[in-house]
$ cat coords_37.txt   # compact mmCIF, C-alpha atoms
# COMPACT_ATOMS: atom_id res chain seq x y z
CA MET A 1 -71.08 -91.61 13.17
CA LEU A 2 -71.69 -87.86 13.09
CA SER A 3 -68.74 -85.56 12.85
CA GLY A 4 -68.05 -83.10 15.64
CA VAL A 5 -69.35 -80.27 13.51
CA PHE A 6 -72.72 -81.93 13.02
CA ARG A 7 -72.98 -82.86 16.68
CA SER A 8 -72.16 -79.41 17.97
CA ARG A 9 -74.77 -77.80 15.74
CA HIS A 10 -77.58 -80.21 16.45
CA ASN A 11 -80.84 -78.39 17.27
CA SER A 12 -79.28 -74.98 16.87
CA ALA A 13 -78.93 -74.55 13.14
CA MET A 14 -80.77 -74.53 9.81
CA HIS A 15 -84.07 -72.99 10.83
CA TRP A 16 -84.76 -75.73 13.29
CA SER A 17 -87.99 -74.34 14.75
CA ILE A 18 -90.97 -72.36 13.49
CA GLY A 19 -89.66 -69.55 15.69
CA ASP A 20 -86.44 -69.46 13.64
CA MET A 21 -88.46 -68.96 10.45
CA VAL A 22 -90.52 -66.20 12.07
CA LEU A 23 -87.34 -64.45 13.24
CA ASP A 24 -86.03 -64.52 9.66
CA LEU A 25 -89.30 -63.17 8.21
CA VAL A 26 -89.64 -60.36 10.77
CA GLN A 27 -86.04 -59.43 10.02
CA ASN A 28 -87.13 -59.02 6.37
CA SER A 29 -89.91 -56.65 7.50
CA VAL A 30 -87.49 -54.56 9.58
CA GLU A 31 -84.98 -54.49 6.71
CA ALA A 32 -87.79 -53.35 4.37
CA GLY A 33 -88.03 -50.19 6.49
CA ALA A 34 -91.23 -51.06 8.35
CA SER A 35 -92.11 -48.77 11.27
CA VAL A 36 -94.83 -51.17 12.42
CA VAL A 37 -94.78 -54.96 12.28
CA GLU A 38 -97.80 -56.90 13.51
CA PHE A 39 -97.32 -60.48 14.61
CA VAL A 40 -100.39 -62.61 15.26
CA ILE A 41 -99.85 -66.10 16.64
CA ASP A 42 -103.01 -68.08 17.19
CA GLU A 43 -103.00 -71.72 18.29
CA ARG A 44 -106.22 -73.75 18.28
CA ASP A 45 -105.61 -77.36 19.27
CA VAL A 46 -103.25 -78.63 16.57
CA VAL A 47 -103.74 -75.68 14.20
CA LEU A 48 -101.18 -72.87 14.29
CA ASP A 49 -102.05 -69.65 12.44
CA ILE A 50 -99.41 -66.97 12.05
CA MET A 51 -99.63 -63.57 10.40
CA ILE A 52 -96.79 -61.10 9.90
CA ARG A 53 -97.93 -57.75 8.51
CA ASP A 54 -95.59 -54.83 7.95
CA ASN A 55 -95.80 -51.32 6.53
CA GLY A 56 -92.42 -51.58 4.82
CA ARG A 57 -91.64 -50.77 1.23
CA GLY A 58 -93.58 -53.76 -0.16
CA MET A 59 -93.05 -55.67 -3.39
CA ASP A 60 -94.61 -55.47 -6.83
CA GLU A 61 -96.16 -58.62 -8.31
CA ALA A 62 -93.00 -59.72 -10.12
CA VAL A 63 -90.89 -59.41 -6.97
CA ARG A 64 -93.60 -61.05 -4.83
CA VAL A 65 -93.64 -64.11 -7.09
CA ALA A 66 -89.85 -64.16 -7.27
CA ALA A 67 -89.57 -64.07 -3.45
CA LEU A 68 -91.09 -67.56 -3.40
CA ASP A 69 -88.14 -68.82 -5.44
CA PRO A 70 -85.02 -69.82 -3.47
CA PHE A 71 -82.79 -68.76 -6.36
CA TYR A 72 -83.84 -65.16 -6.01
CA THR A 73 -82.86 -62.33 -3.73
CA GLU A 74 -83.96 -58.73 -3.91
CA PRO A 75 -81.70 -56.75 -6.25
CA GLY A 76 -79.75 -54.18 -4.27
CA LYS A 77 -80.09 -56.12 -1.05
CA HIS A 78 -77.09 -58.31 -1.75
CA PRO A 79 -76.01 -57.57 -5.33
CA GLY A 80 -73.24 -60.15 -5.15
CA ARG A 81 -75.61 -62.87 -4.06
CA ARG A 82 -78.21 -64.76 -6.05
CA VAL A 83 -80.22 -66.69 -3.49
CA GLY A 84 -82.78 -65.72 -0.86
CA LEU A 85 -84.00 -68.50 1.38
CA GLY A 86 -86.17 -66.85 4.06
CA ILE A 87 -89.59 -67.37 2.47
CA PRO A 88 -88.66 -70.60 0.61
CA PHE A 89 -87.66 -72.26 3.92
CA LEU A 90 -91.13 -71.55 5.26
CA LEU A 91 -92.86 -72.72 2.06
CA GLN A 92 -90.92 -75.96 2.10
CA THR A 93 -92.24 -76.66 5.61
CA VAL A 94 -95.79 -75.62 4.66
CA GLU A 95 -95.76 -77.86 1.58
CA GLN A 96 -94.30 -80.93 3.23
CA THR A 97 -96.79 -80.81 6.11
CA GLY A 98 -99.99 -79.98 4.24
CA GLY A 99 -100.25 -76.42 5.56
CA GLY A 100 -101.23 -73.27 3.70
CA TYR A 101 -99.87 -69.78 3.12
CA GLN A 102 -100.71 -66.46 1.53
CA LEU A 103 -98.29 -63.69 0.62
CA GLU A 104 -99.69 -60.29 -0.38
CA SER A 105 -97.78 -57.12 -0.96
CA GLU A 106 -98.22 -53.64 -2.30
CA PRO A 107 -95.32 -51.38 -3.23
CA GLY A 108 -95.12 -48.42 -0.86
CA HIS A 109 -97.65 -49.94 1.55
CA GLY A 110 -96.24 -53.15 2.94
CA THR A 111 -96.47 -56.91 3.00
CA VAL A 112 -98.72 -59.45 4.70
CA LEU A 113 -97.61 -63.05 5.10
CA GLN A 114 -100.01 -65.55 6.63
CA PHE A 115 -99.47 -69.24 7.11
CA GLN A 116 -101.12 -72.18 8.78
CA LEU A 117 -99.45 -75.33 10.04
CA ASN A 118 -100.78 -78.61 11.40
CA MET A 119 -98.80 -79.11 14.60
CA ALA A 120 -99.80 -82.78 14.71
CA HIS A 121 -98.05 -83.55 11.41
CA VAL A 122 -94.91 -85.57 12.05
CA ASP A 123 -92.80 -83.27 9.85
CA THR A 124 -93.93 -79.98 11.40
CA PRO A 125 -91.10 -78.48 13.44
CA PRO A 126 -91.81 -77.36 16.99
CA LEU A 127 -92.66 -73.73 17.68
CA GLY A 128 -89.70 -73.25 20.03
CA GLU A 129 -89.67 -71.08 23.14
CA LEU A 130 -92.19 -68.33 22.44
CA PRO A 131 -91.11 -65.80 25.15
CA ASP A 132 -87.51 -65.99 23.85
CA LEU A 133 -88.71 -65.50 20.29
CA LEU A 134 -90.84 -62.46 21.22
CA VAL A 135 -87.89 -60.81 22.97
CA ASP A 136 -85.63 -61.45 19.96
CA LEU A 137 -88.29 -60.03 17.62
CA MET A 138 -88.19 -56.80 19.65
CA CYS A 139 -84.38 -56.45 19.61
CA PHE A 140 -83.48 -55.72 16.00
CA GLU A 141 -81.22 -52.70 15.60
CA ALA A 142 -83.82 -50.31 14.12
CA ASP A 143 -86.61 -47.98 15.19
CA TYR A 144 -89.88 -49.88 14.78
CA ASP A 145 -92.86 -51.08 16.74
CA LEU A 146 -93.71 -54.75 17.00
CA ARG A 147 -97.31 -55.49 17.99
CA VAL A 148 -97.93 -58.99 19.22
CA ASP A 149 -101.36 -60.62 19.39
CA ARG A 150 -101.03 -64.04 21.03
CA ARG A 151 -103.99 -66.42 21.34
CA TRP A 152 -104.10 -69.92 22.77
CA ASN A 153 -107.37 -71.82 22.29
CA ALA A 154 -109.04 -68.45 22.83
CA GLY A 155 -112.24 -69.20 20.90
CA GLU A 156 -114.47 -66.71 19.15
CA PRO A 157 -115.04 -64.10 20.44
CA PRO A 158 -111.62 -64.52 22.07
CA ASP A 159 -111.54 -65.21 25.79
CA PRO A 160 -109.29 -62.50 27.33
CA ARG A 161 -107.88 -65.07 29.75
CA ARG A 162 -106.54 -67.06 26.79
CA MET A 163 -104.80 -64.23 24.96
CA PHE A 164 -102.47 -61.30 25.42
CA ARG A 165 -101.36 -58.30 23.44
CA VAL A 166 -98.06 -56.54 23.90
CA SER A 167 -96.05 -54.04 21.87
CA ARG A 168 -92.39 -53.16 21.67
CA ARG A 169 -93.30 -49.52 22.27
CA GLU A 170 -95.08 -50.13 25.58
CA LEU A 171 -92.25 -52.35 26.82
CA CYS A 172 -89.72 -49.65 25.86
CA ASP A 173 -91.80 -47.13 27.84
CA VAL A 174 -91.34 -49.32 30.91
CA LEU A 175 -87.84 -50.70 30.38
CA GLY A 176 -86.06 -47.98 28.41
CA ASP A 177 -83.77 -49.65 25.89
CA ILE A 178 -85.32 -53.09 25.62
CA THR A 179 -82.17 -54.52 24.01
CA ASP A 180 -79.86 -54.26 27.00
CA VAL A 181 -79.27 -57.56 28.73
CA GLY A 182 -81.09 -56.61 31.94
CA SER A 183 -84.18 -55.44 30.02
CA ARG A 184 -84.16 -58.52 27.80
CA ARG A 185 -84.29 -60.63 30.95
CA LEU A 186 -87.16 -58.61 32.47
CA ALA A 187 -89.15 -58.66 29.21
CA ARG A 188 -88.69 -62.42 29.04
CA GLU A 189 -89.93 -62.84 32.62
CA LEU A 190 -93.07 -60.82 31.85
CA LEU A 191 -93.79 -62.70 28.62
CA SER A 192 -93.16 -66.10 30.21
CA ASP A 193 -95.60 -65.16 32.96
CA TRP A 194 -98.23 -64.14 30.40
CA GLU A 195 -97.67 -67.20 28.25
CA SER A 196 -98.13 -69.52 31.22
CA ALA A 197 -101.22 -67.58 32.30
CA ILE A 198 -103.03 -67.99 28.96
CA ARG A 199 -102.17 -71.69 28.93
CA GLY A 200 -103.77 -72.01 32.37
CA ASN A 201 -100.52 -73.08 34.05
CA ASP A 202 -100.67 -70.51 36.81
CA MET B 1 -103.16 -66.00 39.88
CA PRO B 2 -103.25 -62.58 38.20
CA ARG B 3 -100.71 -61.82 35.51
CA MET B 4 -97.76 -59.53 36.15
CA THR B 5 -98.68 -55.99 35.10
CA LEU B 6 -96.54 -53.44 33.28
CA ASP B 7 -96.53 -51.33 36.47
CA GLU B 8 -95.12 -54.26 38.43
CA LEU B 9 -92.50 -54.71 35.73
CA ARG B 10 -91.58 -51.04 36.05
CA LYS B 11 -91.13 -51.46 39.82
CA VAL B 12 -88.87 -54.49 39.39
CA ARG B 13 -86.81 -52.55 36.88
CA ASP B 14 -86.47 -49.47 39.13
CA LYS B 15 -85.39 -51.67 42.03
CA LYS B 16 -82.77 -53.44 39.92
CA GLN B 17 -81.44 -50.17 38.56
CA PHE B 18 -81.13 -48.80 42.08
CA GLU B 19 -79.26 -51.91 43.23
CA MET B 20 -76.89 -51.65 40.30
CA GLY B 21 -76.41 -47.90 40.62
CA LEU B 22 -72.71 -48.07 41.49
CA ARG B 23 -71.81 -50.71 38.93
CA GLU B 24 -69.12 -49.93 36.42
CA SER B 25 -70.69 -49.17 33.05
CA GLY B 26 -69.44 -50.38 29.68
CA GLY B 27 -69.80 -46.88 28.21
CA SER B 28 -72.78 -45.47 26.39
CA SER B 29 -71.88 -46.55 22.86
CA THR B 30 -70.88 -50.08 23.83
CA ARG B 31 -73.08 -52.69 22.18
CA LEU B 32 -73.03 -56.08 20.50
CA VAL B 33 -74.75 -56.67 17.17
CA VAL B 34 -75.46 -60.22 16.01
CA SER B 35 -76.04 -60.92 12.31
CA MET B 36 -79.45 -62.58 12.22
CA GLY B 37 -80.44 -62.90 8.58
CA THR B 38 -81.19 -66.26 6.98
CA SER B 39 -77.56 -67.36 6.91
CA GLY B 40 -76.89 -66.23 10.47
CA ILE B 41 -79.87 -68.16 11.83
CA ALA B 42 -78.89 -71.19 9.74
CA ALA B 43 -75.37 -71.10 11.16
CA GLY B 44 -76.60 -71.04 14.76
CA ALA B 45 -76.66 -67.30 15.58
CA LYS B 46 -79.53 -67.79 18.03
CA LYS B 47 -77.29 -69.96 20.18
CA THR B 48 -74.49 -67.38 19.87
CA LEU B 49 -76.85 -64.62 20.98
CA ALA B 50 -78.02 -66.67 23.96
CA ALA B 51 -74.40 -67.31 24.98
CA LEU B 52 -73.55 -63.58 24.76
CA VAL B 53 -76.55 -62.65 26.90
CA GLU B 54 -75.70 -65.34 29.46
CA ALA B 55 -72.04 -64.32 29.66
CA LEU B 56 -72.95 -60.63 30.07
CA GLU B 57 -75.35 -61.54 32.88
CA GLU B 58 -72.67 -63.59 34.62
CA GLN B 59 -70.23 -60.67 34.41
CA ASN B 60 -72.92 -58.29 35.65
CA LEU B 61 -72.70 -56.24 32.44
CA THR B 62 -76.48 -56.07 32.16
CA ASP B 63 -76.59 -52.52 30.82
CA ILE B 64 -74.94 -53.54 27.53
CA PRO B 65 -77.35 -53.81 24.58
CA VAL B 66 -77.33 -56.94 22.42
CA ARG B 67 -79.17 -56.38 19.16
CA GLN B 68 -79.76 -58.27 15.94
CA THR B 69 -79.33 -57.09 12.39
CA GLY B 70 -79.63 -58.58 8.91
CA SER B 71 -76.87 -60.12 6.85
CA MET B 72 -73.56 -58.25 6.92
CA GLY B 73 -72.44 -59.83 3.64
CA LEU B 74 -70.10 -62.31 5.30
CA GLU B 75 -72.19 -65.47 5.03
CA SER B 76 -69.22 -67.84 4.96
CA MET B 77 -68.06 -66.55 8.35
CA GLU B 78 -71.41 -66.78 10.17
CA PRO B 79 -72.31 -66.56 13.00
CA ILE B 80 -71.03 -62.96 12.99
CA VAL B 81 -70.88 -60.56 15.94
CA GLU B 82 -69.96 -56.88 15.64
CA VAL B 83 -68.53 -55.37 18.83
CA HIS B 84 -68.70 -51.64 19.53
CA LYS B 85 -66.83 -50.51 22.61
CA GLU B 86 -65.87 -47.00 23.62
CA GLY B 87 -62.16 -46.41 23.16
CA MET B 88 -61.69 -49.44 20.93
CA PRO B 89 -62.06 -49.96 17.19
CA THR B 90 -65.31 -51.54 16.05
CA VAL B 91 -64.51 -55.17 15.36
CA ILE B 92 -66.34 -57.89 13.47
CA TYR B 93 -65.82 -61.41 14.77
CA GLY B 94 -66.69 -64.46 12.64
CA ARG B 95 -67.47 -68.12 13.36
CA VAL B 96 -68.64 -67.15 16.82
CA ASP B 97 -69.90 -70.25 18.63
CA ASP B 98 -70.84 -70.32 22.34
CA ALA B 99 -67.23 -70.56 23.51
CA VAL B 100 -66.04 -67.68 21.32
CA ALA B 101 -69.06 -65.62 22.42
CA ARG B 102 -67.97 -66.04 26.04
CA GLU B 103 -64.39 -65.10 25.15
CA ILE B 104 -65.60 -61.93 23.42
CA VAL B 105 -67.31 -60.86 26.64
CA GLN B 106 -64.29 -61.72 28.79
CA VAL B 107 -61.42 -60.55 26.57
CA HIS B 108 -62.87 -57.73 24.45
CA LEU B 109 -65.44 -56.22 26.81
CA LYS B 110 -63.94 -56.92 30.24
CA GLU B 111 -60.19 -56.81 29.53
CA GLY B 112 -60.33 -54.38 26.59
CA ARG B 113 -58.17 -56.52 24.29
CA LEU B 114 -58.90 -57.80 20.79
CA LEU B 115 -59.61 -61.51 20.54
CA ASP B 116 -57.20 -63.23 18.16
CA GLY B 117 -58.24 -65.74 15.56
CA HIS B 118 -61.81 -64.64 14.83
CA ILE B 119 -61.48 -61.07 13.53
CA VAL B 120 -62.80 -60.71 9.99
CA ASP B 121 -62.55 -57.91 7.45
CA ARG B 122 -65.24 -55.28 6.92
CA PRO B 123 -68.38 -56.45 5.09
CA ALA B 124 -68.05 -57.15 1.40
CA ALA B 125 -68.52 -54.06 -0.77
CA ASP B 126 -71.77 -55.39 -2.26
CA ILE B 127 -73.88 -54.53 0.77
CA GLN B 128 -72.24 -51.16 1.27
CA GLY B 129 -73.65 -49.87 -2.00
CA GLY B 130 -70.75 -50.55 -4.39
CA GLN B 131 -70.05 -53.55 -6.60

$ encode --input "coords_37.txt" --output "structure tokens"
Amino acid sequence: MLSGVFRSRHNSAMHWSIGDMVLDLVQNSVEAGASVVEFVIDERDVVLDIMIRDNGRGMDEAVRVAALDPFYTEPGKHPGRRVGLGIPFLLQTVEQTGGGYQLESEPGHGTVLQFQLNMAHVDTPPLGELPDLLVDLMCFEADYDLRVDRRWNAGEPPDPRRMFRVSRRELCDVLGDITDVGSRRLARELLSDWESAIRGND
Amino acid sequence: MPRMTLDELRKVRDKKQFEMGLRESGGSSTRLVVSMGTSGIAAGAKKTLAALVEALEEQNLTDIPVRQTGSMGLESMEPIVEVHKEGMPTVIYGRVDDAVAREIVQVHLKEGRLLDGHIVDRPAADIQGGQ
């Protein structure tokens, strides 16, 4: 029988969804001083392609390779700590489900992380609630823009009815401080509406 | 059905702000900051954040910002919430599950009292630049 602790944390802990991993990785971009983070999320049947590109401080080759190792964390980020699990959590999922990834970085210019997952694989976690994730990605305590490019079976060239683009900046222009609870709610309503529209649920 | 436009969103927002015009405000510097690095997410900080947002909505404190930040160097006490409120010391609460999140809104933000049992010390020196 599960203990109370395990029960109470079921489905809420340990990077349960793909959205949790994305939240972690975008947090890295914001912490790396990025003023612009691009987030592309493209679903085509059972294939999920994600790209996170930032213009933060970037990593040299030694740090880039080390970031793949769970027993590494960036020196100076947490000098008392010797592990960094954000990227390794993602790689574990990619490897156990036959997906792919690419991590490129240039010091002073930024980092691009791309990965692909097979959503039909039994071990691939669910994406989670996308409108909630997008709102959270826009509410880190920093000054940055987040540019979202969302596609759902959009084809090539992409069908505008099956995609949307939205940025933190344009939502802030409309809502003011997007992080206050009222604005979070309104942003979520808009993004839920758009997400249902591209999925043809309207 | 056409999608909601940004102009429509602006109108909804203006209407809500007008309706809430007379509401008591939490003060301009009041905000909640949830630690949302790897360890925070792993400990369930997303659920904590959702509970804070829900409780603030229920109390009609919708002008209070709830933001996320990276690790505060207190991984063993995650999920962590830092509370800034005008006229009160900035306080870091640890092991904040849904129930504690609701208590923070009720006791700290509404009643202006510190919540016993979950206050933790300032972040470890390592992330403040010293060793």

$ interface_residues --input "coords_37.txt" --of "chain B" --to "chain A" --cutoff "7 Å" --atoms "only C-alpha atoms" --output "JSON, numbers by chain"
{"B": [1, 3, 4, 10, 13, 37, 38, 41, 42, 43, 44, 47, 53, 57, 62, 63, 64, 65, 66, 67, 68, 69, 70, 126, 127]}

$ closest_residue --input "coords_37.txt" --among "A:Gly98, A:Ile18, A:Arg199, A:Met119" --to "A:Asn153" --atoms "all atoms listed in the file"
A:Arg199

$ closest_residue --input "coords_37.txt" --among "A:Glu95, A:Asp60, A:Asp149, A:Asp69" --to "A:Asn118" --atoms "only C-alpha atoms"
A:Glu95

$ atom_distance --input "coords_37.txt" --atom1 "atom CA of A:Phe115" --atom2 "atom CA of A:Ile50"
5.4 Å

$ atom_distance --input "coords_37.txt" --atom1 "atom CA of A:Ala154" --atom2 "atom CA of A:Asp49"
12.6 Å

$ residues_near_point --input "coords_37.txt" --point "(-59.4, -50.2, 21.4)" --cutoff "8 Å" --atoms "only C-alpha atoms" --output "list in words"
Lys85, Glu86, Gly87, Met88, Pro89, Gly112, Arg113 and Leu114 of chain B

$ residues_around --input "coords_37.txt" --residues "A:Leu113" --least-positions-apart "4" --cutoff "10 Å" --atoms "only C-alpha atoms" --output "PyMOL selection string"
chain A and resi 25+39+50-54+87+101-105

$ write_last_selection --input "coords_37.txt" --atoms "C-alpha atoms" --output "short mmCIF file (atom, residue, chain, number, x, y, z; two decimals), keeping the file's coordinate frame"
data_model
loop_
_atom_site.label_atom_id
_atom_site.label_comp_id
_atom_site.auth_asym_id
_atom_site.auth_seq_id
_atom_site.Cartn_x
_atom_site.Cartn_y
_atom_site.Cartn_z
CA LEU A 25 -89.30 -63.17 8.21
CA PHE A 39 -97.32 -60.48 14.61
CA ILE A 50 -99.41 -66.97 12.05
CA MET A 51 -99.63 -63.57 10.40
CA ILE A 52 -96.79 -61.10 9.90
CA ARG A 53 -97.93 -57.75 8.51
CA ASP A 54 -95.59 -54.83 7.95
CA ILE A 87 -89.59 -67.37 2.47
CA TYR A 101 -99.87 -69.78 3.12
CA GLN A 102 -100.71 -66.46 1.53
CA LEU A 103 -98.29 -63.69 0.62
CA GLU A 104 -99.69 -60.29 -0.38
CA SER A 105 -97.78 -57.12 -0.96
#

$ closest_residue --input "coords_37.txt" --among "B:Ile80, B:Ile92, B:Ile119, B:Leu32" --to "B:Leu56" --atoms "only C-alpha atoms"
B:Leu32

$ atom_distance --input "coords_37.txt" --atom1 "atom CA of A:Asp42" --atom2 "atom CA of A:Arg188"
19.4 Å

$ closest_residue --input "coords_37.txt" --among "A:Gly19, A:Val122, A:Val63, A:Val135" --to "B:Ala50" --atoms "only C-alpha atoms"
A:Val135

$ closest_residue --input "coords_37.txt" --among "A:Gln96, A:Phe71, A:Ile41, A:His121" --to "A:Trp152" --atoms "only C-alpha atoms"
A:Ile41

$ closest_residue --input "coords_37.txt" --among "A:Ala66, A:Leu48, A:Leu134, A:Cys172" --to "A:Ala120" --atoms "all atoms listed in the file"
A:Leu48

$ residues_around --input "coords_37.txt" --residues "B:Gly94" --least-positions-apart "4" --cutoff "9 Å" --atoms "all atoms listed in the file" --output "ChimeraX atom specification"
/B:74,76-82,118-120
